[in-house]
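Visitor: Got a structure for you, final.cif, holding mmCIF, C-alpha atoms and all ligand atoms.
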data_input
loop_
_atom_site.group_PDB
_atom_site.id
_atom_site.type_symbol
_atom_site.label_atom_id
_atom_site.label_comp_id
_atom_site.auth_asym_id
_atom_site.auth_seq_id
_atom_site.Cartn_x
_atom_site.Cartn_y
_atom_site.Cartn_z
ATOM 1 C CA MET A 22 -9.763 14.653 -0.806
ATOM 2 C CA SER A 23 -9.912 11.163 -2.034
ATOM 3 C CA GLU A 24 -12.693 11.414 -4.626
ATOM 4 C CA ASP A 25 -10.266 12.891 -7.131
ATOM 5 C CA ILE A 26 -7.617 10.239 -6.686
ATOM 6 C CA ALA A 27 -6.918 8.428 -9.908
ATOM 7 C CA ASN A 28 -7.039 4.675 -10.146
ATOM 8 C CA SER A 29 -9.125 4.225 -7.027
ATOM 9 C CA PRO A 30 -10.317 0.649 -6.986
ATOM 10 C CA ASN A 31 -13.690 1.119 -5.361
ATOM 11 C CA GLN A 32 -14.485 -1.268 -2.586
ATOM 12 C CA SER A 33 -17.630 -3.316 -2.797
ATOM 13 C CA GLU A 34 -19.854 -3.418 0.271
ATOM 14 C CA GLU A 35 -19.169 -7.144 0.436
ATOM 15 C CA ASN A 36 -15.372 -6.684 0.567
ATOM 16 C CA VAL A 37 -15.751 -4.109 3.279
ATOM 17 C CA GLN A 38 -17.754 -6.548 5.380
ATOM 18 C CA VAL A 39 -15.096 -9.259 4.924
ATOM 19 C CA GLU A 40 -12.373 -6.841 6.007
ATOM 20 C CA MET A 41 -14.446 -5.555 8.930
ATOM 21 C CA GLU A 42 -14.870 -9.114 10.123
ATOM 22 C CA ALA A 43 -11.118 -9.747 9.786
ATOM 23 C CA PHE A 44 -10.519 -6.630 11.892
ATOM 24 C CA ARG A 45 -12.933 -7.768 14.624
ATOM 25 C CA VAL A 46 -11.333 -11.215 14.710
ATOM 26 C CA PHE A 47 -7.905 -9.579 14.998
ATOM 27 C CA LEU A 48 -9.009 -7.271 17.837
ATOM 28 C CA LYS A 49 -10.505 -10.131 19.827
ATOM 29 C CA SER A 50 -7.501 -12.393 19.243
ATOM 30 C CA ARG A 51 -5.230 -9.721 20.763
ATOM 31 C CA GLY A 52 -7.558 -8.975 23.646
ATOM 32 C CA TYR A 53 -8.568 -5.534 22.305
ATOM 33 C CA ARG A 54 -12.170 -4.476 22.627
ATOM 34 C CA VAL A 55 -14.371 -4.144 19.541
ATOM 35 C CA THR A 56 -15.805 -0.693 20.182
ATOM 36 C CA ARG A 57 -18.333 1.269 18.130
ATOM 37 C CA GLU A 58 -15.675 3.922 17.670
ATOM 38 C CA ARG A 59 -13.063 1.517 16.293
ATOM 39 C CA GLU A 60 -15.643 0.046 13.978
ATOM 40 C CA ALA A 61 -16.688 3.481 12.690
ATOM 41 C CA ILE A 62 -13.069 4.426 11.986
ATOM 42 C CA ALA A 63 -12.281 1.141 10.257
ATOM 43 C CA GLU A 64 -15.471 1.224 8.202
ATOM 44 C CA SER A 65 -14.874 4.749 7.005
ATOM 45 C CA ILE A 66 -11.317 3.866 5.972
ATOM 46 C CA LEU A 67 -12.347 0.713 4.176
ATOM 47 C CA LEU A 68 -15.291 2.321 2.372
ATOM 48 C CA ASN A 69 -14.029 5.747 1.423
ATOM 49 C CA HIS A 70 -10.298 5.987 1.373
ATOM 50 C CA ASP A 71 -7.419 4.903 -0.740
ATOM 51 C CA HIS A 72 -4.609 7.182 0.262
ATOM 52 C CA PHE A 73 -5.386 9.415 3.192
ATOM 53 C CA ASP A 74 -3.999 11.128 6.259
ATOM 54 C CA VAL A 75 -5.537 11.519 9.693
ATOM 55 C CA ASP A 76 -6.889 15.022 8.982
ATOM 56 C CA GLU A 77 -8.836 13.849 5.928
ATOM 57 C CA LEU A 78 -10.233 10.891 7.807
ATOM 58 C CA PHE A 79 -11.177 13.103 10.739
ATOM 59 C CA LEU A 80 -13.102 15.529 8.492
ATOM 60 C CA ASN A 81 -14.770 12.685 6.669
ATOM 61 C CA LEU A 82 -15.926 11.047 9.882
ATOM 62 C CA ARG A 83 -17.072 14.270 11.498
ATOM 63 C CA SER A 84 -20.384 14.446 9.640
ATOM 64 C CA LYS A 85 -21.366 10.828 10.305
ATOM 65 C CA SER A 86 -19.908 9.510 13.513
ATOM 66 C CA PRO A 87 -17.683 12.061 15.219
ATOM 67 C CA VAL A 88 -14.600 10.582 16.857
ATOM 68 C CA SER A 89 -11.571 12.352 18.266
ATOM 69 C CA LYS A 90 -8.271 12.549 16.433
ATOM 70 C CA ALA A 91 -6.715 10.771 19.408
ATOM 71 C CA SER A 92 -8.985 7.776 18.773
ATOM 72 C CA ILE A 93 -7.986 7.756 15.118
ATOM 73 C CA TYR A 94 -4.305 7.858 16.090
ATOM 74 C CA ARG A 95 -4.899 4.877 18.374
ATOM 75 C CA ALA A 96 -6.958 2.889 15.851
ATOM 76 C CA ILE A 97 -4.554 3.185 12.917
ATOM 77 C CA PRO A 98 -1.685 1.141 14.438
ATOM 78 C CA LEU A 99 -4.218 -1.586 15.215
ATOM 79 C CA MET A 100 -5.373 -1.633 11.603
ATOM 80 C CA ILE A 101 -1.755 -1.779 10.443
ATOM 81 C CA GLU A 102 -1.019 -4.640 12.812
ATOM 82 C CA SER A 103 -4.091 -6.463 11.517
ATOM 83 C CA GLY A 104 -2.758 -6.301 7.945
ATOM 84 C CA LEU A 105 -5.587 -4.121 6.579
ATOM 85 C CA LEU A 106 -3.623 -0.911 6.323
ATOM 86 C CA ALA A 107 -0.087 0.295 5.609
ATOM 87 C CA ALA A 108 1.739 3.581 6.129
ATOM 88 C CA VAL A 109 2.801 4.521 2.600
ATOM 89 C CA TYR A 110 4.276 7.990 2.297
ATOM 90 C CA LEU A 111 4.913 11.273 4.056
ATOM 91 C CA GLU A 112 3.557 14.525 2.662
ATOM 92 C CA ASN A 113 4.185 17.827 4.454
ATOM 93 C CA GLY A 114 5.092 15.899 7.556
ATOM 94 C CA HIS A 115 1.829 13.919 7.531
ATOM 95 C CA MET A 116 1.899 10.176 7.153
ATOM 96 C CA HIS A 117 -0.509 8.832 4.556
ATOM 97 C CA TYR A 118 -2.018 5.393 4.720
ATOM 98 C CA GLU A 119 -3.756 3.013 2.367
ATOM 99 C CA ARG A 120 -5.745 -0.206 2.375
ATOM 100 C CA VAL A 121 -3.573 -3.174 1.534
ATOM 101 C CA TYR A 122 -5.662 -6.227 2.326
ATOM 102 C CA GLY A 123 -5.989 -8.409 -0.776
ATOM 103 C CA ARG A 124 -4.247 -5.807 -2.925
ATOM 104 C CA GLU A 125 -1.176 -6.320 -5.041
ATOM 105 C CA HIS A 126 2.055 -4.602 -4.168
ATOM 106 C CA HIS A 127 2.416 -1.335 -6.063
ATOM 107 C CA SER A 128 4.392 1.879 -6.095
ATOM 108 C CA HIS A 129 3.289 5.503 -6.200
ATOM 109 C CA LEU A 130 3.716 8.624 -8.264
ATOM 110 C CA ARG A 131 2.869 11.670 -6.186
ATOM 111 C CA CYS A 132 2.011 15.049 -7.736
ATOM 112 C CA LEU A 133 3.420 17.920 -5.681
ATOM 113 C CA THR A 134 0.905 20.399 -7.096
ATOM 114 C CA CYS A 135 -2.510 18.716 -7.070
ATOM 115 C CA HIS A 136 -1.518 16.023 -4.537
ATOM 116 C CA LYS A 137 -2.996 13.226 -6.622
ATOM 117 C CA ILE A 138 -1.546 9.781 -6.192
ATOM 118 C CA PHE A 139 -1.048 7.481 -9.160
ATOM 119 C CA GLU A 140 -0.301 3.812 -8.693
ATOM 120 C CA PHE A 141 1.831 1.580 -10.834
ATOM 121 C CA ASN A 142 3.374 -1.833 -10.681
ATOM 122 C CA ALA A 143 6.867 -2.497 -12.039
ATOM 123 C CA PRO A 144 8.064 -6.070 -11.509
ATOM 124 C CA GLU A 145 11.671 -5.026 -12.189
ATOM 125 C CA LEU A 146 11.644 -3.190 -8.848
ATOM 126 C CA THR A 147 11.130 -6.529 -7.120
ATOM 127 C CA GLN A 148 14.101 -7.877 -9.036
ATOM 128 C CA VAL A 149 16.217 -4.969 -7.770
ATOM 129 C CA GLU A 150 15.003 -5.663 -4.229
ATOM 130 C CA LYS A 151 16.051 -9.296 -4.542
ATOM 131 C CA ARG A 152 19.383 -8.586 -6.196
ATOM 132 C CA ILE A 153 20.485 -5.956 -3.661
ATOM 133 C CA SER A 154 19.316 -8.119 -0.759
ATOM 134 C CA ARG A 155 21.250 -11.107 -2.047
ATOM 135 C CA MET A 156 24.330 -8.937 -2.467
ATOM 136 C CA MET A 157 24.060 -7.578 1.067
ATOM 137 C CA GLY A 158 23.096 -10.871 2.703
ATOM 138 C CA PHE A 159 19.775 -9.297 3.621
ATOM 139 C CA LYS A 160 16.457 -11.087 4.081
ATOM 140 C CA SER A 161 14.036 -8.610 2.513
ATOM 141 C CA GLU A 162 10.341 -8.371 3.229
ATOM 142 C CA GLY A 163 9.409 -5.600 0.823
ATOM 143 C CA HIS A 164 10.376 -2.271 -0.637
ATOM 144 C CA LYS A 165 8.983 1.185 -1.260
ATOM 145 C CA PHE A 166 9.565 3.178 -4.397
ATOM 146 C CA GLU A 167 8.111 6.613 -4.907
ATOM 147 C CA ILE A 168 8.294 9.149 -7.705
ATOM 148 C CA TRP A 169 7.291 12.731 -6.993
ATOM 149 C CA GLY A 170 6.933 15.650 -9.338
ATOM 150 C CA LEU A 171 4.258 17.116 -11.609
ATOM 151 C CA CYS A 172 1.466 15.042 -13.132
ATOM 152 C CA ALA A 173 0.538 15.465 -16.807
ATOM 153 C CA ASN A 174 -2.397 17.792 -15.985
ATOM 154 C CA CYS A 175 -0.378 20.065 -13.757
ATOM 155 C CA GLN A 176 2.414 20.320 -16.336
ATOM 156 C CA ALA A 177 -0.146 21.367 -18.957
ATOM 157 C CA GLU A 178 -1.521 24.077 -16.648
ATOM 158 C CA LYS A 179 1.927 25.551 -16.052
ATOM 159 C CA LYS A 180 2.465 26.252 -19.744
HETATM 160 ZN ZN ZN B 201 -1.016 17.206 -10.522
HETATM 161 ZN ZN ZN B 202 -1.465 2.961 -3.389
#
Before we go any further, please render this structure as structure tokens.
Ligand SMILES: [Zn+2]
Ligand SMILES: [Zn+2]
Guide:
Amino acid sequence: MSEDIANSPNQSEENVQVEMEAFRVFLKSRGYRVTREREAIAESILLNHDHFDVDELFLNLRSKSPVSKASIYRAIPLMIESGLLAAVYLENGHMHYERVYGREHHSHLRCLTCHKIFEFNAPELTQVEKRISRMMGFKSEGHKFEIWGLCANCQAEKK
């Protein structure tokens, strides 16, 4: 679960309220209803999660404000469309998501043993994105770069 994720920038209550308001404004502007359920899902994501999948979110919500997985699956694309959330990587066939609003672009290291996610930022990756795009006559809007393997802790335990 997400409490053991390294480098988690914890959200302040104030930030969460700003993002919740942005989400409500987005929903209204597209003619979607602001429901208690959508708010509960969004709030839980914004408060508790950095990198998560639907199962984790479902378990986390269950104790406080139970919602169905179907509702979560419907709410997530809305949060992505609103610019609060992005789909970031697949693990065992499950898409994982993270908060992106107001955050800098970064890449991930993913440990295959303990499933921790480490974030890093390497500006040279943006240069590669630009160079390749120029070469291919492509108008790029972003890139994803992921490293997977064993984190330092898990390597130590294998010895
Ligand atoms: Zn590990
Ligand atoms: Zn991340």
Visitor: I'd like the residues picked by the PyMOL selection byres (((chain A and resi 167) around 9) and not hetatm) written out as an NGL selection string, using the chain letters and numbers from the file.
Guide: :A and (110 or 128-131 or 165-166 or 168-169)
Visitor: Fewer than 5 positions away in the same chain doesn't count, so skip those; otherwise give me all residues within 6 Å of range 57-74 of chain A, counting all atoms listed in the file, as a list in words.
Guide: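 The contact residues come out as Val37, His117, Tyr118 and Glu119 of chain A.
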Visitor: Check the smallest atom-to-atom distance from each of A:Cys132, A:Ile153, A:Ile138, A:Leu146 to Leu171 in chain A using all atoms listed in the file, then report the winner.
Guide: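 Comparing A:Cys132, A:Ile153, A:Ile138, A:Leu146 against Leu171 in chain A, the winner is A:Cys132.
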Visitor: Take the PyMOL selection byres (((chain A and resi 88) around 12) and not hetatm), run it mentally on this structure, and tell me the resulting residues as a PDB file with C-alpha atoms, keeping the file's coordinate frame.
Guide:
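Saved to result18.pdb:
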ATOM      1  CA  THR A  56     -15.805  -0.693  20.182  1.00  0.00           C
ATOM      2  CA  ARG A  57     -18.333   1.269  18.130  1.00  0.00           C
ATOM      3  CA  GLU A  58     -15.675   3.922  17.670  1.00  0.00           C
ATOM      4  CA  ARG A  59     -13.063   1.517  16.293  1.00  0.00           C
ATOM      5  CA  GLU A  60     -15.643   0.046  13.978  1.00  0.00           C
ATOM      6  CA  ALA A  61     -16.688   3.481  12.690  1.00  0.00           C
ATOM      7  CA  ILE A  62     -13.069   4.426  11.986  1.00  0.00           C
ATOM      8  CA  ALA A  63     -12.281   1.141  10.257  1.00  0.00           C
ATOM      9  CA  SER A  65     -14.874   4.749   7.005  1.00  0.00           C
ATOM     10  CA  VAL A  75      -5.537  11.519   9.693  1.00  0.00           C
ATOM     11  CA  ASP A  76      -6.889  15.022   8.982  1.00  0.00           C
ATOM     12  CA  LEU A  78     -10.233  10.891   7.807  1.00  0.00           C
ATOM     13  CA  PHE A  79     -11.177  13.103  10.739  1.00  0.00           C
ATOM     14  CA  LEU A  80     -13.102  15.529   8.492  1.00  0.00           C
ATOM     15  CA  ASN A  81     -14.770  12.685   6.669  1.00  0.00           C
ATOM     16  CA  LEU A  82     -15.926  11.047   9.882  1.00  0.00           C
ATOM     17  CA  ARG A  83     -17.072  14.270  11.498  1.00  0.00           C
ATOM     18  CA  SER A  84     -20.384  14.446   9.640  1.00  0.00           C
ATOM     19  CA  LYS A  85     -21.366  10.828  10.305  1.00  0.00           C
ATOM     20  CA  SER A  86     -19.908   9.510  13.513  1.00  0.00           C
ATOM     21  CA  PRO A  87     -17.683  12.061  15.219  1.00  0.00           C
ATOM     22  CA  SER A  89     -11.571  12.352  18.266  1.00  0.00           C
ATOM     23  CA  LYS A  90      -8.271  12.549  16.433  1.00  0.00           C
ATOM     24  CA  ALA A  91      -6.715  10.771  19.408  1.00  0.00           C
ATOM     25  CA  SER A  92      -8.985   7.776  18.773  1.00  0.00           C
ATOM     26  CA  ILE A  93      -7.986   7.756  15.118  1.00  0.00           C
ATOM     27  CA  TYR A  94      -4.305   7.858  16.090  1.00  0.00           C
ATOM     28  CA  ARG A  95      -4.899   4.877  18.374  1.00  0.00           C
ATOM     29  CA  ALA A  96      -6.958   2.889  15.851  1.00  0.00           C
TER      30      ALA A  96
END
Visitor: Counting all atoms listed in the file, which of A:Asn142, A:Ser103, A:Ser50, A:Gln32 gets nearest to ligand ZN 202 (chain B)?
Guide: A:Asn142
Visitor: Evaluate the PyMOL selection byres (((not hetatm)) within 6 of (chain B and resi 201)) here and jot the selected residues down as a PDB file with C-alpha atoms, keeping the file's coordinate frame.
Guide:
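What landed in expr22.pdb:
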ATOM      1  CA  CYS A 132       2.011  15.049  -7.736  1.00  0.00           C
ATOM      2  CA  THR A 134       0.905  20.399  -7.096  1.00  0.00           C
ATOM      3  CA  CYS A 135      -2.510  18.716  -7.070  1.00  0.00           C
ATOM      4  CA  LYS A 137      -2.996  13.226  -6.622  1.00  0.00           C
ATOM      5  CA  LEU A 171       4.258  17.116 -11.609  1.00  0.00           C
ATOM      6  CA  CYS A 172       1.466  15.042 -13.132  1.00  0.00           C
ATOM      7  CA  ASN A 174      -2.397  17.792 -15.985  1.00  0.00           C
ATOM      8  CA  CYS A 175      -0.378  20.065 -13.757  1.00  0.00           C
TER       9      CYS A 175
END
Visitor: Measure the distance from CA of Glu42 in chain A to CA of Ile97 in chain A in Å and round it to one decimal.
Guide: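 We find that CA of Glu42 in chain A and CA of Ile97 in chain A lie 16.3 Å from each other.
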Visitor: Have a look at A:Leu133, A:Val121, A:Ala173, A:Val46 and name the one nearest to ligand ZN 202 (chain B); count all atoms listed in the file.
Guide: A:Val121
Visitor: CA of Ile101 in chain A and CA of His136 in chain A, how far apart in Å?
Guide: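 Atom-to-atom, CA of His136 in chain A to CA of Ile101 in chain A, that is 23.3 Å.
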Visitor: Rounded to one decimal, what separation in Å do you get between CA of Phe47 in chain A and CA of Leu99 in chain A?
Guide: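 Separation between CA of Phe47 in chain A and CA of Leu99 in chain A: 8.8 Å.
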